[in-house]
Each structure stands twice: as structure tokens, then as C-alpha cells.
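S.K.: My questions all concern the structure below.
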Amino acid sequence: MGMVAPFPIPLAKICKFVDPASRLNCAVGVDTALRMGQLSTYSYIIMVLHFLMCKLDRPVIPSLQDLYSDCSSPECFYNRNHGLVPSFFDNKIENIQVRFHDCVRVENRKTNVYSTFDSDDTDGDNHYTPWYSDNNDNLGSLFIDFLDYFSVKKNFKRISIICDDGDLVNAVEKDWRQYYVGIQDPFFTKKNIARNIKYHGLDNVVEIFSSAAHLLRKGGSFQDICEM
Ligand SMILES: [Zn+2]
């Protein structure tokens, strides 16, 4: 065997499994970013979703948790799953509700492009629920807008993928005031997944995002900002 480089320590420790209640594919790992007081990859994903769902005049994607209180698809995960899932947080177990719509097909009315859906069988019981976007921005401009939005420190205070979340507003006003970054766990809504971030960590992210947006506007490439 050739082209194999031994590493003295593991780069990542990951355990993969399927959650029996939600049927979600899960991966639990030790994120070195968390230990170093930096944002985790999970946090960055929530930031991207938050921006595309909640911070554009014409959203690109819907929030699958608060989109509809009900939908017409009996097979939708939102309708099938009413049970609670035990979750461990702050040294105690709490039951949380894990529900979201997996019946949605995103349809863009400007471009006539739509997302795929497992069962596009509109005649059967498992039909999709359409959600319409009127956003016509290209990926490059969306990316620069994303960098611009998170070049402002106060925009890190309340990040969620449930756009009208009263729980988050209350949490930020009460329990989360001491944190520099507030990113709400999508299901365990009391949990701030970025509570380990210190001032210098946030400062660093804001500076990099701001520089990257500036470089792209000057004509820099994606590779240029990756090498910053
Ligand atoms: Zn649904």
C-alpha cells in the first residue's frame, strides 16, 4: 500500500448512528474547534441556514420546523412523530420534541428550478408540499451578503433556524446575556451551541468574514479567500 501518511494522533473521533425516533443519520464527534473556543462546523451550518431562511427579503429556503403547523402529507415526519426524545444537557436529561417537515419541495418561481423530493408522486398519499421562493440572487452574491451580515458582531447574538422563535428571544434576554455568540440548537431550544465562544474568538471570525467580503468584491476568487 502506498501514499499513506501515518498520523500520531487521530484527526477526528466520530461515532455514526441512526436515531431510532427521528430516523436521522447522526454523527457524534470531538470537535477540536470547540475545545479551542472557536465556532464548530455545526454552528457555521446553522449560521448559513439562518441567513438563507430568516435574513433575506426573499428567503431561499424555508424553516422546516415552523413552516406549517400541519400539512396534507400523512407520511410527513412532522405528522408521524409526536413523541419526545430524551436529551442530555447541563448534567440532566430533558425530553425534547424533534419534529420537522420532510414533505417540502422548494420551488423557485424566478428560475423554475425546484429541489428534488423522494416521492414526486402527486397522485399517491405521500405527495409533497410546495414552498415557493422568489429569490433570484446568484450564489456569489448570496455568499458575499452572508459574509457581510456576519461581519457585524451584534448579528451573532441571536441565531436560529426557527425564524419567529419567542423562546430564543426570551433566552437571549435572560440566560444568554453573558455570551458573545448565541446560536440556538434547532431542537433543544434552551441550548446555546456557541456558548464557549470568547470575545477574541468572535473578533477573529468577524475580521475574517469582513476581509473575505472585501477581497471578493475586489475580484478575488474563492481560492483566494481560502488561502487568507
Ligand atoms: Zn409536512
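Chain labels run A, B, ... following the order of the C-alpha cells; each chain numbers its residues from 1, and ligands are numbered from 1 in the order shown.
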So which residues touch stretch 187-199 of chain A within 6 Å, counting only C-alpha atoms, skipping near sequence neighbours fewer than 5 positions away, as a list in words?
M.R.: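 Selected residues are Gly37, Gln38, Val98, Tyr179, Val181 and Gly182 of chain A.
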S.K.: Given a cut-off of 9 Å, what residues near ligand 1 show up using only C-alpha atoms and all ligand atoms, put as a PyMOL selection string?
M.R.: chain A and resi 64+67-79+100-104+128-129
S.K.: Output N, CA and C atoms for every residue in that selection, as a tab-separated table (two decimals), in the first residue's frame.
M.R.:
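That gives us result36.tsv:
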```tsv
chain	number	residue	atom	x	y	z
A	64	LEU	N	-38.08	24.32	8.21
A	64	LEU	CA	-38.89	23.09	8.17
A	64	LEU	C	-39.59	22.81	9.49
A	67	LEU	N	-42.72	25.96	9.52
A	67	LEU	CA	-43.33	26.34	8.24
A	67	LEU	C	-44.85	26.18	8.27
A	68	TYR	N	-45.29	25.01	8.67
A	68	TYR	CA	-46.73	24.76	8.75
A	68	TYR	C	-47.00	24.06	10.08
A	69	SER	N	-48.11	24.37	10.70
A	69	SER	CA	-48.45	23.61	11.90
A	69	SER	C	-48.96	22.23	11.48
A	70	ASP	N	-49.43	22.15	10.28
A	70	ASP	CA	-49.92	20.88	9.77
A	70	ASP	C	-49.70	20.88	8.26
A	71	CYS	N	-49.72	19.73	7.66
A	71	CYS	CA	-49.62	19.65	6.21
A	71	CYS	C	-50.45	18.46	5.75
A	72	SER	N	-50.64	18.33	4.48
A	72	SER	CA	-51.57	17.31	3.98
A	72	SER	C	-50.89	15.98	3.69
A	73	SER	N	-49.61	15.85	4.01
A	73	SER	CA	-48.92	14.60	3.74
A	73	SER	C	-48.91	13.71	4.99
A	74	PRO	N	-49.67	12.59	4.97
A	74	PRO	CA	-49.70	11.72	6.15
A	74	PRO	C	-48.35	11.07	6.44
A	75	GLU	N	-47.51	10.96	5.43
A	75	GLU	CA	-46.20	10.33	5.61
A	75	GLU	C	-45.15	11.31	6.11
A	76	CYS	N	-45.51	12.59	6.18
A	76	CYS	CA	-44.52	13.59	6.61
A	76	CYS	C	-44.06	13.30	8.04
A	77	PHE	N	-42.77	13.49	8.29
A	77	PHE	CA	-42.21	13.23	9.61
A	77	PHE	C	-42.88	14.10	10.68
A	78	TYR	N	-43.29	15.31	10.32
A	78	TYR	CA	-43.95	16.22	11.26
A	78	TYR	C	-45.25	15.61	11.79
A	79	ASN	N	-45.97	14.91	10.92
A	79	ASN	CA	-47.24	14.32	11.32
A	79	ASN	C	-47.08	12.97	12.00
A	100	PHE	N	-40.03	18.01	12.28
A	100	PHE	CA	-39.81	18.92	11.15
A	100	PHE	C	-40.47	18.30	9.92
A	101	HIS	N	-40.73	19.13	8.95
A	101	HIS	CA	-41.38	18.66	7.72
A	101	HIS	C	-40.35	18.09	6.76
A	102	ASP	N	-40.58	16.85	6.34
A	102	ASP	CA	-39.74	16.31	5.27
A	102	ASP	C	-40.57	16.13	3.99
A	103	CYS	N	-41.69	16.88	3.93
A	103	CYS	CA	-42.61	16.77	2.80
A	103	CYS	C	-42.42	17.92	1.80
A	104	VAL	N	-41.47	18.83	2.10
A	104	VAL	CA	-41.42	20.09	1.35
A	104	VAL	C	-40.57	19.98	0.09
A	128	TYR	N	-45.88	15.85	-2.05
A	128	TYR	CA	-45.06	16.89	-1.44
A	128	TYR	C	-45.88	18.15	-1.17
A	129	THR	N	-45.31	18.99	-0.30
A	129	THR	CA	-45.90	20.29	-0.03
A	129	THR	C	-45.00	21.34	-0.68
```
S.K.: As an mmCIF file with N, CA and C atoms, in the first residue's frame, list the residues of stretch 43-224 of chain A assigned to strand (DSSP E or B) by DSSP on the backbone atoms of this structure.
M.R.:
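This is the output file out-v4.cif:
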```cif
data_model
loop_
_atom_site.group_PDB
_atom_site.id
_atom_site.type_symbol
_atom_site.label_atom_id
_atom_site.label_comp_id
_atom_site.auth_asym_id
_atom_site.auth_seq_id
_atom_site.Cartn_x
_atom_site.Cartn_y
_atom_site.Cartn_z
ATOM 1 N N LEU A 84 -41.547 12.424 22.439
ATOM 2 C CA LEU A 84 -40.439 13.219 22.948
ATOM 3 C C LEU A 84 -39.163 12.377 22.944
ATOM 4 N N VAL A 85 -38.037 13.042 22.779
ATOM 5 C CA VAL A 85 -36.748 12.362 22.721
ATOM 6 C C VAL A 85 -35.902 12.829 23.902
ATOM 7 N N PRO A 86 -35.398 11.883 24.731
ATOM 8 C CA PRO A 86 -34.559 12.309 25.851
ATOM 9 C C PRO A 86 -33.230 12.871 25.362
ATOM 10 N N SER A 87 -32.811 13.976 25.961
ATOM 11 C CA SER A 87 -31.554 14.603 25.560
ATOM 12 C C SER A 87 -30.799 15.031 26.803
ATOM 13 N N PHE A 88 -29.488 14.884 26.759
ATOM 14 C CA PHE A 88 -28.652 15.174 27.929
ATOM 15 C C PHE A 88 -28.048 16.573 27.794
ATOM 16 N N PHE A 89 -28.303 17.430 28.785
ATOM 17 C CA PHE A 89 -27.774 18.797 28.726
ATOM 18 C C PHE A 89 -27.683 19.349 30.143
ATOM 19 N N LYS A 92 -28.273 16.929 33.106
ATOM 20 C CA LYS A 92 -29.576 16.313 33.359
ATOM 21 C C LYS A 92 -30.232 15.932 32.035
ATOM 22 N N ILE A 93 -31.182 15.023 32.139
ATOM 23 C CA ILE A 93 -31.883 14.564 30.939
ATOM 24 C C ILE A 93 -33.218 15.291 30.833
ATOM 25 N N GLU A 94 -33.461 15.841 29.668
ATOM 26 C CA GLU A 94 -34.745 16.510 29.424
ATOM 27 C C GLU A 94 -35.351 15.940 28.152
ATOM 28 N N ASN A 95 -36.668 15.905 28.117
ATOM 29 C CA ASN A 95 -37.357 15.417 26.921
ATOM 30 C C ASN A 95 -37.632 16.576 25.976
ATOM 31 N N ILE A 96 -37.215 16.399 24.742
ATOM 32 C CA ILE A 96 -37.437 17.455 23.761
ATOM 33 C C ILE A 96 -38.223 16.906 22.577
ATOM 34 N N GLN A 97 -38.879 17.818 21.885
ATOM 35 C CA GLN A 97 -39.653 17.407 20.720
ATOM 36 C C GLN A 97 -38.814 17.597 19.458
ATOM 37 N N VAL A 104 -41.467 18.829 2.096
ATOM 38 C CA VAL A 104 -41.416 20.091 1.349
ATOM 39 C C VAL A 104 -40.567 19.984 0.090
ATOM 40 N N ARG A 105 -41.090 20.533 -0.982
ATOM 41 C CA ARG A 105 -40.290 20.710 -2.189
ATOM 42 C C ARG A 105 -40.182 22.212 -2.447
ATOM 43 N N VAL A 106 -38.928 22.706 -2.480
ATOM 44 C CA VAL A 106 -38.693 24.134 -2.707
ATOM 45 C C VAL A 106 -38.768 24.415 -4.206
ATOM 46 N N GLU A 107 -39.626 25.364 -4.557
ATOM 47 C CA GLU A 107 -39.779 25.723 -5.974
ATOM 48 C C GLU A 107 -39.466 27.195 -6.155
ATOM 49 N N ASN A 108 -38.509 27.494 -7.026
ATOM 50 C CA ASN A 108 -38.139 28.882 -7.275
ATOM 51 C C ASN A 108 -38.946 29.414 -8.462
ATOM 52 N N TYR A 114 -36.465 23.552 -9.036
ATOM 53 C CA TYR A 114 -37.029 23.061 -7.781
ATOM 54 C C TYR A 114 -36.167 21.955 -7.206
ATOM 55 N N THR A 129 -45.309 18.987 -0.305
ATOM 56 C CA THR A 129 -45.897 20.293 -0.031
ATOM 57 C C THR A 129 -45.000 21.341 -0.682
ATOM 58 N N PRO A 130 -45.509 22.138 -1.624
ATOM 59 C CA PRO A 130 -44.629 23.116 -2.274
ATOM 60 C C PRO A 130 -44.373 24.323 -1.374
ATOM 61 N N TRP A 131 -43.145 24.814 -1.444
ATOM 62 C CA TRP A 131 -42.788 26.097 -0.805
ATOM 63 C C TRP A 131 -42.086 26.935 -1.861
ATOM 64 N N TYR A 132 -42.540 28.182 -2.009
ATOM 65 C CA TYR A 132 -42.076 28.980 -3.139
ATOM 66 C C TYR A 132 -41.057 30.034 -2.712
ATOM 67 N N SER A 133 -40.008 30.134 -3.508
ATOM 68 C CA SER A 133 -39.016 31.193 -3.306
ATOM 69 C C SER A 133 -39.023 32.095 -4.527
ATOM 70 N N ILE A 159 -29.093 33.658 16.802
ATOM 71 C CA ILE A 159 -29.076 32.895 15.544
ATOM 72 C C ILE A 159 -29.898 31.626 15.731
ATOM 73 N N ILE A 183 -26.220 30.836 19.477
ATOM 74 C CA ILE A 183 -26.729 30.010 18.370
ATOM 75 C C ILE A 183 -27.594 28.912 18.973
ATOM 76 N N GLN A 184 -28.858 28.958 18.644
ATOM 77 C CA GLN A 184 -29.818 28.048 19.260
ATOM 78 C C GLN A 184 -29.782 26.664 18.616
ATOM 79 N N ASN A 192 -27.520 26.865 23.933
ATOM 80 C CA ASN A 192 -26.693 27.716 23.082
ATOM 81 C C ASN A 192 -25.461 26.912 22.673
#
```
S.K.: Give me, please, the distance in Å between atom CA of A:Asp66 and atom CA of A:Arg158, quoted to one decimal.
M.R.: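 Atom CA of A:Arg158 lies at a distance of 17.0 Å from atom CA of A:Asp66.
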S.K.: Excluding A:Ile208 and its own-chain neighbours fewer than 2 positions away, which residues fall within 12 Å of it when counting only C-alpha atoms? Please give them as a list in words.
M.R.: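 Final neighbour list, sorted by chain and number: Leu147, Asp148, Phe150, Ser151, Val152, Gly201, Leu202, Asp203, Asn204, Val205, Val206, Ser210, Ser211, Ala212, Ala213, His214, Leu215, Ile225, Cys226, Glu227 and Met228 of chain A.
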S.K.: For a quick check of understanding, using only C-alpha atoms, which of A:Leu216, A:Phe222, A:Asp185, A:Ser141 has the smallest distance to A:Ser160?
M.R.: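 Closest to A:Ser160, using only C-alpha atoms: A:Asp185.
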S.K.: Would you list, as an mmCIF file with N, CA and C atoms, in the first residue's frame, the residues of stretch 64-175 of chain A that end up in alpha helix (DSSP H) under DSSP run on this structure's backbone?
M.R.:
```cif
data_model
loop_
_atom_site.group_PDB
_atom_site.id
_atom_site.type_symbol
_atom_site.label_atom_id
_atom_site.label_comp_id
_atom_site.auth_asym_id
_atom_site.auth_seq_id
_atom_site.Cartn_x
_atom_site.Cartn_y
_atom_site.Cartn_z
ATOM 1 N N PHE A 77 -42.774 13.490 8.286
ATOM 2 C CA PHE A 77 -42.210 13.230 9.610
ATOM 3 C C PHE A 77 -42.875 14.101 10.684
ATOM 4 N N TYR A 78 -43.290 15.308 10.316
ATOM 5 C CA TYR A 78 -43.950 16.221 11.260
ATOM 6 C C TYR A 78 -45.250 15.608 11.793
ATOM 7 N N ASN A 79 -45.967 14.914 10.916
ATOM 8 C CA ASN A 79 -47.244 14.319 11.322
ATOM 9 C C ASN A 79 -47.075 12.966 12.003
ATOM 10 N N ARG A 80 -45.994 12.278 11.671
ATOM 11 C CA ARG A 80 -45.799 10.939 12.232
ATOM 12 C C ARG A 80 -45.172 10.967 13.616
ATOM 13 N N LEU A 139 -25.259 32.538 -6.550
ATOM 14 C CA LEU A 139 -24.564 32.004 -5.373
ATOM 15 C C LEU A 139 -23.479 32.971 -4.878
ATOM 16 N N GLY A 140 -22.779 33.603 -5.828
ATOM 17 C CA GLY A 140 -21.705 34.528 -5.443
ATOM 18 C C GLY A 140 -22.220 35.705 -4.645
ATOM 19 N N SER A 141 -23.316 36.310 -5.088
ATOM 20 C CA SER A 141 -23.819 37.481 -4.349
ATOM 21 C C SER A 141 -24.415 37.059 -3.007
ATOM 22 N N LEU A 142 -25.041 35.880 -2.959
ATOM 23 C CA LEU A 142 -25.549 35.391 -1.669
ATOM 24 C C LEU A 142 -24.393 35.172 -0.688
ATOM 25 N N PHE A 143 -23.300 34.647 -1.192
ATOM 26 C CA PHE A 143 -22.149 34.375 -0.331
ATOM 27 C C PHE A 143 -21.555 35.675 0.227
ATOM 28 N N ILE A 144 -21.432 36.692 -0.632
ATOM 29 C CA ILE A 144 -20.907 37.979 -0.159
ATOM 30 C C ILE A 144 -21.879 38.607 0.856
ATOM 31 N N ASP A 145 -23.170 38.509 0.586
ATOM 32 C CA ASP A 145 -24.168 39.043 1.535
ATOM 33 C C ASP A 145 -24.083 38.315 2.882
ATOM 34 N N PHE A 146 -23.847 37.013 2.817
ATOM 35 C CA PHE A 146 -23.687 36.221 4.053
ATOM 36 C C PHE A 146 -22.465 36.713 4.846
ATOM 37 N N LEU A 147 -21.360 36.910 4.150
ATOM 38 C CA LEU A 147 -20.144 37.392 4.822
ATOM 39 C C LEU A 147 -20.369 38.785 5.411
ATOM 40 N N ASP A 148 -21.065 39.636 4.652
ATOM 41 C CA ASP A 148 -21.360 40.990 5.139
ATOM 42 C C ASP A 148 -22.218 40.948 6.406
ATOM 43 N N TYR A 149 -23.240 40.102 6.364
ATOM 44 C CA TYR A 149 -24.167 40.032 7.505
ATOM 45 C C TYR A 149 -23.426 39.630 8.784
ATOM 46 N N GLY A 166 -39.980 32.798 19.883
ATOM 47 C CA GLY A 166 -40.114 33.526 21.143
ATOM 48 C C GLY A 166 -39.214 32.976 22.229
ATOM 49 N N ASP A 167 -38.987 31.638 22.220
ATOM 50 C CA ASP A 167 -38.112 31.020 23.220
ATOM 51 C C ASP A 167 -36.712 31.609 23.146
ATOM 52 N N LEU A 168 -36.244 31.825 21.928
ATOM 53 C CA LEU A 168 -34.899 32.347 21.751
ATOM 54 C C LEU A 168 -34.815 33.796 22.225
ATOM 55 N N VAL A 169 -35.822 34.580 21.899
ATOM 56 C CA VAL A 169 -35.853 35.981 22.346
ATOM 57 C C VAL A 169 -35.779 36.027 23.870
ATOM 58 N N ASN A 170 -36.585 35.185 24.528
ATOM 59 C CA ASN A 170 -36.580 35.159 25.991
ATOM 60 C C ASN A 170 -35.236 34.701 26.542
ATOM 61 N N ALA A 171 -34.664 33.669 25.897
ATOM 62 C CA ALA A 171 -33.381 33.141 26.376
ATOM 63 C C ALA A 171 -32.290 34.186 26.282
ATOM 64 N N VAL A 172 -32.260 34.914 25.166
ATOM 65 C CA VAL A 172 -31.220 35.937 24.984
ATOM 66 C C VAL A 172 -31.399 37.049 26.008
ATOM 67 N N GLU A 173 -32.644 37.389 26.307
ATOM 68 C CA GLU A 173 -32.892 38.465 27.258
ATOM 69 C C GLU A 173 -32.566 38.058 28.690
#
```
S.K.: Using only C-alpha atoms, pick whichever of A:Gln65, A:Ser40, A:Ser221, A:Thr111 has the shortest atom-to-atom distance to A:Asp137.
M.R.: A:Thr111
S.K.: Between A:Arg58, A:His200, A:Lys218, A:Lys174, which is the closest to A:Lys110 once you count only C-alpha atoms?
M.R.: A:Arg58
S.K.: Measuring atom to atom with only C-alpha atoms, identify which of A:Ser115, A:Asn81, A:Asp164, A:Asp57 is nearest to A:Asp134.
M.R.: A:Asp57
S.K.: So what do you get for atom CA of A:His82 versus atom CA of A:Arg99, distance-wise?
M.R.: 7.4 Å
